[in-house]
Amino acid sequence: MTAIDWLFSPFALPFMQRPLLVMLVLAVALGLASVMVTLRSLQFVGDGLVHAVFPGIVIGFAVGGREGLVPGGLVAAAIAAVAFTLLTRRALASDAAIAVVLTVMFGIGVIIVSRQSDYVGQLQELLFGRLLTVTDADVTLTVAVAAAATVAIAVVWRTQLFRAHDTLAARAAGHRVLATDLVLAVAVAVLIVAATAAVGNLLALGLLVVPGAAARLLTHRIGWMVAISIATGALAGFGGLLIGFRASVDWGIPLAGGASVITMLVVIYGVVLAASMLHRHGPRTAHTAADARGTSTAPAPVPEAAR
């Protein structure tokens, strides 16, 4: 078997093609959202949204099965996004309020799902996803949701960049900050629902936060940040699915698809972090050693007679 076959032959199978397509779509949409979440320092709000949509996902799943998962999550996402946006505008205790809300909402979701039959199986599917069993209908729904959220983020992109740089200046310039914050929050919440359907509620936060964080370690140019963030998510999706397949088929080690993707995402971030630290501290080594000796690495001045 050649290296090309080892890398790409698993994706000739339909049950591998559908998860890969879902992950590539989410990589584009969440890659864009992740950059904005990173620039706005909204990671904690993203965590709150992940937990807050859980009851809606559970109720939708309990009422309509797998077909009701996304609609129920979308309703909860819209409510949670508005609530968290209003909470973060408060100067006092916003973090505490968000922490209380996310804990209560997640607890409600667990209580609801515990009342269903096959409690353990349903809870595991909701928390850790069902990436390898997505259907054509799931792919279509993911594409539609991701496309709508991406368009919404693009519409408020310039205002959000302005706001990330200087909120007061954005307001003074006449931008409708609250409206754009609501649009961004709802779009992010909707993408969390789509990611939850694929990799599970607990792992969705990784797709929202890690790509943008990795991109910011490598560059401060917005265009490059978006490209790197998308590429990071796509590489993690491809690599995670490939490793999961090879581990299960070739090595007899069953691995969950969603967990494999998130693990690959964290590995990529770790490599980027290590590389950025080496790059940051490497050029200073000579200067640090010279300072320790009480000398300077600057060239000696040329004697006047030699000029």
# chains A, B, ... in the order shown; residues from 1 in each chain; ligands from 1
>>> residues_around(residues="segment 250-261 of chain A", least_positions_apart="4", cutoff="10 Å", atoms="only C-alpha atoms", output="PyMOL selection string")
chain A and resi 19+23+128-133+195-196+198-200+202-204+206-207+233-246+265-267
>>> write_last_selection(atoms="N, CA and C atoms", output="short mmCIF file (atom, residue, chain, number, x, y, z; two decimals), in the first residue's frame")
data_model
loop_
_atom_site.label_atom_id
_atom_site.label_comp_id
_atom_site.auth_asym_id
_atom_site.auth_seq_id
_atom_site.Cartn_x
_atom_site.Cartn_y
_atom_site.Cartn_z
N PRO A 19 -18.85 12.21 6.90
CA PRO A 19 -18.23 12.94 8.01
C PRO A 19 -17.16 13.93 7.56
N MET A 23 -17.12 17.92 8.34
CA MET A 23 -16.00 18.57 9.02
C MET A 23 -15.42 19.69 8.17
N PHE A 128 -20.93 13.31 23.05
CA PHE A 128 -19.73 13.01 22.28
C PHE A 128 -19.99 12.85 20.79
N GLY A 129 -21.22 13.06 20.34
CA GLY A 129 -21.50 13.12 18.92
C GLY A 129 -21.67 11.76 18.25
N ARG A 130 -21.93 11.81 16.97
CA ARG A 130 -22.15 10.61 16.15
C ARG A 130 -21.59 10.87 14.76
N LEU A 131 -20.35 11.28 14.71
CA LEU A 131 -19.77 11.76 13.46
C LEU A 131 -19.75 10.69 12.39
N LEU A 132 -19.47 9.47 12.74
CA LEU A 132 -19.33 8.41 11.73
C LEU A 132 -20.67 7.86 11.27
N THR A 133 -21.77 8.30 11.86
CA THR A 133 -23.08 7.81 11.44
C THR A 133 -23.96 8.92 10.87
N ALA A 195 -22.13 21.91 15.19
CA ALA A 195 -20.96 21.16 15.64
C ALA A 195 -21.35 20.10 16.67
N THR A 196 -22.33 20.41 17.51
CA THR A 196 -22.78 19.45 18.50
C THR A 196 -23.35 18.20 17.85
N ALA A 198 -22.39 16.90 15.24
CA ALA A 198 -21.31 16.11 14.64
C ALA A 198 -20.38 15.53 15.70
N VAL A 199 -19.83 16.38 16.57
CA VAL A 199 -18.80 15.92 17.50
C VAL A 199 -19.27 15.89 18.94
N GLY A 200 -20.51 16.29 19.20
CA GLY A 200 -21.03 16.25 20.55
C GLY A 200 -20.92 17.59 21.26
N LEU A 202 -19.88 18.41 24.33
CA LEU A 202 -18.70 18.71 25.12
C LEU A 202 -17.50 19.07 24.25
N LEU A 203 -17.45 18.55 23.03
CA LEU A 203 -16.30 18.77 22.17
C LEU A 203 -16.49 19.92 21.19
N ALA A 204 -17.71 20.45 21.11
CA ALA A 204 -17.97 21.52 20.14
C ALA A 204 -17.15 22.77 20.44
N GLY A 206 -14.14 23.01 21.31
CA GLY A 206 -12.82 22.92 20.70
C GLY A 206 -12.81 23.45 19.28
N LEU A 207 -13.84 23.12 18.51
CA LEU A 207 -13.93 23.60 17.13
C LEU A 207 -14.14 25.10 17.06
N GLY A 233 -8.87 23.74 11.17
CA GLY A 233 -10.05 22.90 11.35
C GLY A 233 -10.16 21.81 10.31
N ALA A 234 -9.84 22.13 9.06
CA ALA A 234 -9.91 21.14 7.98
C ALA A 234 -8.89 20.03 8.19
N LEU A 235 -7.67 20.40 8.56
CA LEU A 235 -6.63 19.41 8.80
C LEU A 235 -6.99 18.50 9.98
N ALA A 236 -7.54 19.10 11.03
CA ALA A 236 -7.95 18.30 12.18
C ALA A 236 -9.07 17.33 11.81
N GLY A 237 -10.02 17.79 10.99
CA GLY A 237 -11.10 16.91 10.56
C GLY A 237 -10.59 15.75 9.74
N PHE A 238 -9.73 16.05 8.77
CA PHE A 238 -9.18 14.99 7.92
C PHE A 238 -8.31 14.05 8.74
N GLY A 239 -7.37 14.62 9.51
CA GLY A 239 -6.46 13.79 10.28
C GLY A 239 -7.16 12.97 11.35
N GLY A 240 -8.13 13.56 12.04
CA GLY A 240 -8.84 12.83 13.08
C GLY A 240 -9.64 11.67 12.53
N LEU A 241 -10.33 11.89 11.42
CA LEU A 241 -11.09 10.80 10.80
C LEU A 241 -10.17 9.71 10.29
N LEU A 242 -9.04 10.10 9.71
CA LEU A 242 -8.08 9.11 9.19
C LEU A 242 -7.51 8.27 10.32
N ILE A 243 -7.05 8.92 11.39
CA ILE A 243 -6.48 8.18 12.52
C ILE A 243 -7.52 7.27 13.16
N GLY A 244 -8.76 7.77 13.29
CA GLY A 244 -9.82 6.94 13.85
C GLY A 244 -10.08 5.71 13.01
N PHE A 245 -10.09 5.87 11.69
CA PHE A 245 -10.32 4.73 10.78
C PHE A 245 -9.18 3.74 10.87
N ARG A 246 -7.94 4.24 10.76
CA ARG A 246 -6.78 3.33 10.77
C ARG A 246 -6.64 2.62 12.11
N LEU A 265 -6.98 18.23 16.73
CA LEU A 265 -7.01 19.69 16.81
C LEU A 265 -6.10 20.19 17.93
N VAL A 266 -6.16 19.53 19.07
CA VAL A 266 -5.31 19.92 20.20
C VAL A 266 -3.84 19.66 19.89
N VAL A 267 -3.54 18.57 19.20
CA VAL A 267 -2.16 18.27 18.82
C VAL A 267 -1.62 19.36 17.89
#
>>> residues_around(residues="Leu141 of chain A", least_positions_apart="5", cutoff="10 Å", atoms="only C-alpha atoms", output="PyMOL selection string")
chain A and resi 22+67+70+135-136+146-147+194
>>> write_last_selection(atoms="all heavy atoms", output="mmCIF file, in the first residue's frame")
data_model
loop_
_atom_site.group_PDB
_atom_site.id
_atom_site.type_symbol
_atom_site.label_atom_id
_atom_site.label_comp_id
_atom_site.auth_asym_id
_atom_site.auth_seq_id
_atom_site.Cartn_x
_atom_site.Cartn_y
_atom_site.Cartn_z
ATOM 1 N N VAL A 22 -18.882 17.042 6.325
ATOM 2 C CA VAL A 22 -19.393 17.807 7.464
ATOM 3 C C VAL A 22 -18.258 18.573 8.141
ATOM 4 O O VAL A 22 -18.396 19.760 8.459
ATOM 5 C CB VAL A 22 -20.090 16.862 8.471
ATOM 6 C CG1 VAL A 22 -20.329 17.571 9.804
ATOM 7 C CG2 VAL A 22 -21.413 16.376 7.913
ATOM 8 N N GLU A 67 -33.953 13.774 14.067
ATOM 9 C CA GLU A 67 -34.430 14.879 13.235
ATOM 10 C C GLU A 67 -34.771 16.113 14.054
ATOM 11 O O GLU A 67 -34.778 17.227 13.537
ATOM 12 C CB GLU A 67 -35.664 14.440 12.426
ATOM 13 C CG GLU A 67 -35.377 13.412 11.345
ATOM 14 C CD GLU A 67 -35.129 12.018 11.900
ATOM 15 O OE1 GLU A 67 -35.475 11.782 13.085
ATOM 16 O OE2 GLU A 67 -34.588 11.169 11.177
ATOM 17 N N VAL A 70 -31.389 19.238 15.859
ATOM 18 C CA VAL A 70 -30.954 20.568 15.417
ATOM 19 C C VAL A 70 -32.043 21.621 15.622
ATOM 20 O O VAL A 70 -31.746 22.708 16.140
ATOM 21 C CB VAL A 70 -30.488 20.523 13.952
ATOM 22 C CG1 VAL A 70 -30.208 21.925 13.421
ATOM 23 C CG2 VAL A 70 -29.228 19.668 13.825
ATOM 24 N N THR A 135 -25.985 11.128 8.288
ATOM 25 C CA THR A 135 -26.714 10.754 7.083
ATOM 26 C C THR A 135 -26.643 11.876 6.051
ATOM 27 O O THR A 135 -26.130 12.963 6.329
ATOM 28 C CB THR A 135 -28.177 10.471 7.432
ATOM 29 O OG1 THR A 135 -28.783 11.687 7.926
ATOM 30 C CG2 THR A 135 -28.291 9.388 8.495
ATOM 31 N N ASP A 136 -27.172 11.603 4.860
ATOM 32 C CA ASP A 136 -27.221 12.642 3.829
ATOM 33 C C ASP A 136 -28.057 13.829 4.295
ATOM 34 O O ASP A 136 -27.736 14.986 3.990
ATOM 35 C CB ASP A 136 -27.808 12.066 2.531
ATOM 36 C CG ASP A 136 -26.868 11.068 1.872
ATOM 37 O OD1 ASP A 136 -25.638 11.165 2.091
ATOM 38 O OD2 ASP A 136 -27.360 10.182 1.139
ATOM 39 N N ALA A 146 -24.588 26.100 8.391
ATOM 40 C CA ALA A 146 -23.273 26.733 8.331
ATOM 41 C C ALA A 146 -23.257 27.889 7.341
ATOM 42 O O ALA A 146 -22.636 28.933 7.597
ATOM 43 C CB ALA A 146 -22.216 25.700 7.953
ATOM 44 N N ALA A 147 -23.932 27.727 6.208
ATOM 45 C CA ALA A 147 -23.978 28.797 5.212
ATOM 46 C C ALA A 147 -24.690 30.030 5.761
ATOM 47 O O ALA A 147 -24.221 31.169 5.593
ATOM 48 C CB ALA A 147 -24.666 28.303 3.944
ATOM 49 N N ALA A 194 -24.707 23.017 15.155
ATOM 50 C CA ALA A 194 -24.265 22.176 14.041
ATOM 51 C C ALA A 194 -23.066 21.327 14.445
ATOM 52 O O ALA A 194 -22.977 20.144 14.088
ATOM 53 C CB ALA A 194 -23.917 23.047 12.833
#
>>> residues_around(residues="segment 230-232 of chain A", least_positions_apart="4", cutoff="9 Å", atoms="only C-alpha atoms", output="MDAnalysis selection string")
chainID A and resid 24 26:32 34 210:212 214:215 225:226 236:237 265 268:269
>>> atom_distance(atom1="atom CA of Val53 of chain A", atom2="atom CA of Leu20 of chain A")
24.3 Å
>>> closest_residue(among="A:Leu161, A:Val58, A:Leu205, A:Leu218", to="Gly107 of chain A", atoms="only C-alpha atoms")
A:Val58
>>> closest_residue(among="A:Ser229, A:Thr150, A:Thr103, A:Ser9", to="Ala189 of chain A", atoms="only C-alpha atoms")
A:Thr150
>>> decode(residues="segment 171-184 of chain A", atoms="C-alpha atoms", output="short mmCIF file (atom, residue, chain, number, x, y, z; two decimals), in the first residue's frame")
data_model
loop_
_atom_site.label_atom_id
_atom_site.label_comp_id
_atom_site.auth_asym_id
_atom_site.auth_seq_id
_atom_site.Cartn_x
_atom_site.Cartn_y
_atom_site.Cartn_z
CA ARG A 171 -20.10 53.51 18.97
CA ALA A 172 -18.92 57.05 18.24
CA ALA A 173 -18.65 56.19 14.55
CA GLY A 174 -22.34 55.29 14.51
CA HIS A 175 -22.06 51.50 14.40
CA ARG A 176 -24.98 49.60 15.90
CA VAL A 177 -22.88 47.65 18.36
CA LEU A 178 -25.68 45.85 20.22
CA ALA A 179 -27.36 44.72 17.00
CA THR A 180 -24.12 43.37 15.55
CA ASP A 181 -23.28 41.67 18.85
CA LEU A 182 -26.63 39.90 18.76
CA VAL A 183 -26.10 38.79 15.17
CA LEU A 184 -22.64 37.42 15.97
#
